[in-house]
Protein chains: 2
Amino acid sequence: VYRGGRLVRDVRFPTSLEQHGSDAMHTDPDYSAAYVVLDTDSGLKGFGLTFTLGKGTEIVLCAVKALAGLVIGKSLQEIVSNFRGFYRLLTSDGQMRWLGPEKGVIHLATAAVLNAVWDLWARAEGKHDTSCVTKTLCHTPSVFILFLDILVKAQEGKKQREDQMLKEGYPAYTTSCAWLGYSDQQLKQLCSDALKSGWTRFKVKVGADLEDDIRRCRLIRKMIGPSSTLMIDANQRWDVAEAISWVSRLAEVKPLWIEEPTSPDDILGHAAISKALAPLGIGVATGEQCHNRVMFKQFLQASALQFVQIDSCRLGSVNENLAVLLMAYKFQVPVCPHAGGVGLCELVQHLILFDYICVSADLRNRMCEYVDHLHEHFTSPVVIQDAHYMPPKDPGYSCEMLEESVNRHEYPEGDIWKQEIKK
Amino acid sequence: VYRGGRLVRDVRFPTSLEQHGSDAMHTDPDYSAAYVVLDTDSGLKGFGLTFTLGKGTEIVLCAVKALAGLVIGKSLQEIVSNFRGFYRLLTSDGQMRWLGPEKGVIHLATAAVLNAVWDLWARAEGKHDTSCVTKTLCHTPSVFILFLDILVKAQEGKKQREDQMLKEGYPAYTTSCAWLGYSDQQLKQLCSDALKSGWTRFKVKVGADLEDDIRRCRLIRKMIGPSSTLMIDANQRWDVAEAISWVSRLAEVKPLWIEEPTSPDDILGHAAISKALAPLGIGVATGEQCHNRVMFKQFLQASALQFVQIDSCRLGSVNENLAVLLMAYKFQVPVCPHAGGVGLCELVQHLILFDYICVSADLRNRMCEYVDHLHEHFTSPVVIQDAHYMPPKDPGYSCEMLEESVNRHEYPEGDIWKQEIKK
């Protein structure tokens, strides 16, 4: 049974000051979160969040408060014993579904609430020996009745894959070297540092200026050498024809994928781009702004993407991400999660570990995004070793923030923002 | 230049008490609006709104307030002289676009703000003899540079069509007779009244129970006779296979279209349904929850609908609706707007009149939804004569509400809600 302390808080980090996170469409993001804490009578708490870019986070808070009425007063048991029904309750309220349905602000808020429920569930399960969300997923097969055939098939070798992950971790790529707002000098330095730390997979932001892109991509390709993997990301900057011609010009640096070439809603546009770029050996990746499982179904059915980029906060938490993982498996398209921002790495690592251990059983063309920012604000930050995500060991969904960080960064009354506003 | 009075208010009507507006997915809507008033230094005001179903309207208010910073301080001239740029400013803010982009709460809020801007523009133009939005559209061709070929073509006969509309009005259909929550007796009475008032086109809500639907549809078809037009509307209740088999069972009543058979995001699902129902002579209609022009492009490209149902508040106001009208013309698919709710009829009549006079020049298979509710709260309510929308004559976009209505229905402090809460 939940009751309120402060249910949801507006936490913002002034990342725009140093151009961290800058891309062709989001030139000055302040990485932020609507941060949810569910209190329970048992004393156990559930922590969840959804990621935002600063302005407007208060709208998501407002939506979380509107959804809270559907959660408060329920017992954890009541929720998880009919999780599908609870998901529908949140997403299909007869009055609120008009505001989505299952998209935009209301769905981001749904994710924040459900992420906290999953965190709480995993912590509660901890008493019975499974404690983080990865483990809850791997060891609670009854959640997945609909797709049991896939999961039964993946039982083979499951133990070995679990051990392998504990030892080696899940492969990651880094986006930290080449944000659009970084200078060439900064980019070279970061790239050189990353290579020394064992990184072999790199993503570069492109899309604002073609000549700049050519110069930056050549520079990085030269630094990382021909055997490393390079991806490029336009953050929806182009229309379809523009995407094809622009990316063709960048084919010389041999990118594995072009990410978000155009509007996230233009499924058939992505299909046209995929078709045009296939002869160049460049795939299309998208998903961080794909607003729900039905949209992912369109992309998969239309052969509009070659890499599925799930997001732990854009989709309706674990529940909806599982549906997408299983669909991607059916279509034999690799899943390479979107991460970064605030807490996205912490959250999505659970999902991609589950994908490997229990669904895809395959690492080919698969890797999880990593951005080296803001992890210091979490009680159980991700652990990266040799460019791999090491499986989380602490209870829950890894998105509990340090109380001091929350207090300092709360908008607008935290110390950080009081100082910023003074300036 | 705008400055604030009370920028936006939460106005709700307790329609759920009598099951008005009830359908298979929205069983108890309280028709509501985020109601925007833009004050200007000139003394002129602009009135706009977006429609909602009750709960969560406060989230849209919060979003309107977040967008307000991009509007306040600008002059009308500055906005309309670069309307495309202003539209982009609202929809592509580097931090807020993450919350959409161009979908859900943030886009509903954009519509409310832009509807008020259009209202203001038309009122300001009134000084130079064009005064309502229809007229502004029909007589300001410079807005449409991109699609000038279509509009030039439609110049032929424009004057005659304008005169025809002033005389006969635009054909409407009624949804008021057959909400899902109405009894058979109520339905018969309403249908009989409507026939007496000259209605010949009727829509029935379906999707909750097949045997009920068969009984209700037969009853209505019998009452309206074989020459009247019948449409059915499932409000997204089914999956794809279910939609095909359910509607096939209702083919005997010869519906012109099945509206919203499944998830509004399932473009390829709609295409499959369209293909399966074509031999039965039943088209697919959708759009009231189609969240932006890019999604409409998908539906059109995939032959996933045979009737485009634009919504004056779901899309980004007049601007985005024009893009959809022009795309629909290119694909030669008729536009039959969604209306009803609060103020949707008042708003959308301007768009569909413009469509006929300046774009499609065609009335075949075209009609605009009409619901006979809540018009009494507007200063310039729609005028229906012999089941046709008569062109609006007052200045603006026809969505100014009576001050007393707003005060009484404001949530939660208006008298109506104080009484409801006491009960």
# chains A, B, ... in the order shown; residues from 1 in each chain; ligands from 1

$ closest_atom_pairs --of "chain B" --to "chain A" --cutoff "9 Å" --atoms "only C-alpha atoms" --output "CSV"
residue,atom,partner,partner_atom,distance
B:Met25,CA,A:Gly94,CA,6.3
B:His26,CA,A:Gly94,CA,4.4
B:Thr27,CA,A:Gly94,CA,6.0
B:Asp28,CA,A:Gly94,CA,6.4
B:Pro29,CA,A:Gln95,CA,5.6
B:Asp30,CA,A:Gln95,CA,7.4
B:Thr52,CA,A:Trp98,CA,6.6
B:Leu53,CA,A:Gln95,CA,4.9
B:Gly54,CA,A:Gln95,CA,5.7
B:Lys55,CA,A:Gln95,CA,5.6
B:Gly56,CA,A:Met96,CA,5.8
B:Thr57,CA,A:Met96,CA,8.4
B:Glu58,CA,A:Cys62,CA,7.6
B:Ile59,CA,A:Cys62,CA,5.6
B:Val60,CA,A:Ile59,CA,7.9
B:Leu61,CA,A:Ile59,CA,8.8
B:Cys62,CA,A:Ile59,CA,5.6
B:Ala63,CA,A:Ile59,CA,5.8
B:Ala66,CA,A:Gly56,CA,6.2
B:Leu67,CA,A:Gly56,CA,8.7
B:Ser92,CA,A:Met25,CA,7.9
B:Asp93,CA,A:His26,CA,8.0
B:Gly94,CA,A:His26,CA,4.4
B:Gln95,CA,A:Leu53,CA,4.9
B:Met96,CA,A:Lys55,CA,5.7
B:Arg97,CA,A:His26,CA,8.3
B:Trp98,CA,A:Thr52,CA,6.6
B:Leu99,CA,A:Gly104,CA,5.5
B:Gly100,CA,A:Gly104,CA,4.7
B:Pro101,CA,A:Gly104,CA,7.4
B:Glu102,CA,A:Gly104,CA,8.4
B:Lys103,CA,A:Gly104,CA,5.9
B:Gly104,CA,A:Gly100,CA,4.7
B:Val105,CA,A:Leu99,CA,5.5
B:Ile106,CA,A:Val105,CA,7.1
B:His107,CA,A:Gly104,CA,8.8
B:Leu108,CA,A:Leu99,CA,7.8
B:Ser263,CA,A:Val294,CA,7.8
B:Pro264,CA,A:Pro101,CA,8.6
B:Asp265,CA,A:Val294,CA,6.1
B:Asp266,CA,A:Val294,CA,6.0
B:Ile267,CA,A:Gln298,CA,7.0
B:Leu268,CA,A:Gln298,CA,6.5
B:Gly269,CA,A:Gln298,CA,8.6
B:Gln289,CA,A:Trp98,CA,7.8
B:His291,CA,A:Gly100,CA,8.7
B:Asn292,CA,A:Asp265,CA,8.7
B:Val294,CA,A:Asp266,CA,6.0
B:Met295,CA,A:Asp265,CA,6.1
B:Lys297,CA,A:Asp266,CA,8.0
B:Gln298,CA,A:Leu268,CA,6.5
B:Gln301,CA,A:Leu268,CA,8.0
B:Ala302,CA,A:Leu268,CA,8.3

$ residues_around --residues "Asn235 of chain B" --least-positions-apart "2" --cutoff "8 Å" --atoms "only C-alpha atoms" --output "NGL selection string"
:B and (23-25 or 205 or 207 or 233 or 237 or 259-262)

$ residues_around --residues "Leu114 of chain A" --least-positions-apart "4" --cutoff "8 Å" --atoms "only C-alpha atoms" --output "short mmCIF file (atom, residue, chain, number, x, y, z; two decimals) with N, CA, C and O atoms, in the first residue's frame"
data_model
loop_
_atom_site.label_atom_id
_atom_site.label_comp_id
_atom_site.auth_asym_id
_atom_site.auth_seq_id
_atom_site.Cartn_x
_atom_site.Cartn_y
_atom_site.Cartn_z
N GLY A 48 11.69 5.88 -9.08
CA GLY A 48 11.58 5.84 -10.54
C GLY A 48 11.76 7.23 -11.10
O GLY A 48 11.70 8.22 -10.38
N THR A 110 3.73 8.08 -17.10
CA THR A 110 3.42 6.67 -16.85
C THR A 110 4.72 5.89 -16.63
O THR A 110 4.82 5.05 -15.72
N TRP A 118 8.39 -0.96 -10.57
CA TRP A 118 9.33 -2.06 -10.83
C TRP A 118 10.49 -2.05 -9.82
O TRP A 118 10.93 -3.10 -9.36
N GLY A 316 6.47 2.77 -21.83
CA GLY A 316 5.83 2.58 -20.54
C GLY A 316 6.55 1.58 -19.66
O GLY A 316 6.01 0.51 -19.35
N SER A 317 7.76 1.94 -19.27
CA SER A 317 8.57 1.16 -18.33
C SER A 317 8.92 -0.23 -18.86
O SER A 317 8.90 -0.49 -20.06
N VAL A 318 9.28 -1.11 -17.93
CA VAL A 318 9.71 -2.47 -18.27
C VAL A 318 8.65 -3.17 -19.11
O VAL A 318 8.96 -3.80 -20.13
#

$ closest_residue --among "B:Arg216, B:Lys330, B:Lys393, B:Arg364" --to "Glu346 of chain B" --atoms "only C-alpha atoms"
B:Lys393

$ closest_residue --among "A:Ala251, A:Ala323, A:Ala387, A:Val335" --to "Arg84 of chain A" --atoms "only C-alpha atoms"
A:Ala323

$ select_by_dssp --residues "segment 190-225 of chain B" --states "alpha helix (DSSP H)" --output "list in words"
Leu190, Cys191, Ser192, Asp193, Ala194, Leu195, Lys196, Leu210, Glu211, Asp212, Asp213, Ile214, Arg215, Arg216, Cys217, Arg218, Leu219, Ile220, Arg221, Lys222, Met223 and Ile224 of chain B

$ residues_around --residues "Gly157 of chain A" --least-positions-apart "6" --cutoff "12 Å" --atoms "only C-alpha atoms" --output "ChimeraX atom specification"
/A:151,163-164,356-362

$ atom_distance --atom1 "atom CA of Asp41 of chain A" --atom2 "atom CA of Asp119 of chain A"
15.8 Å

$ closest_residue --among "A:Glu242, A:Asp39, A:Glu78, A:Asp355" --to "Lys135 of chain A" --atoms "only C-alpha atoms"
A:Asp355
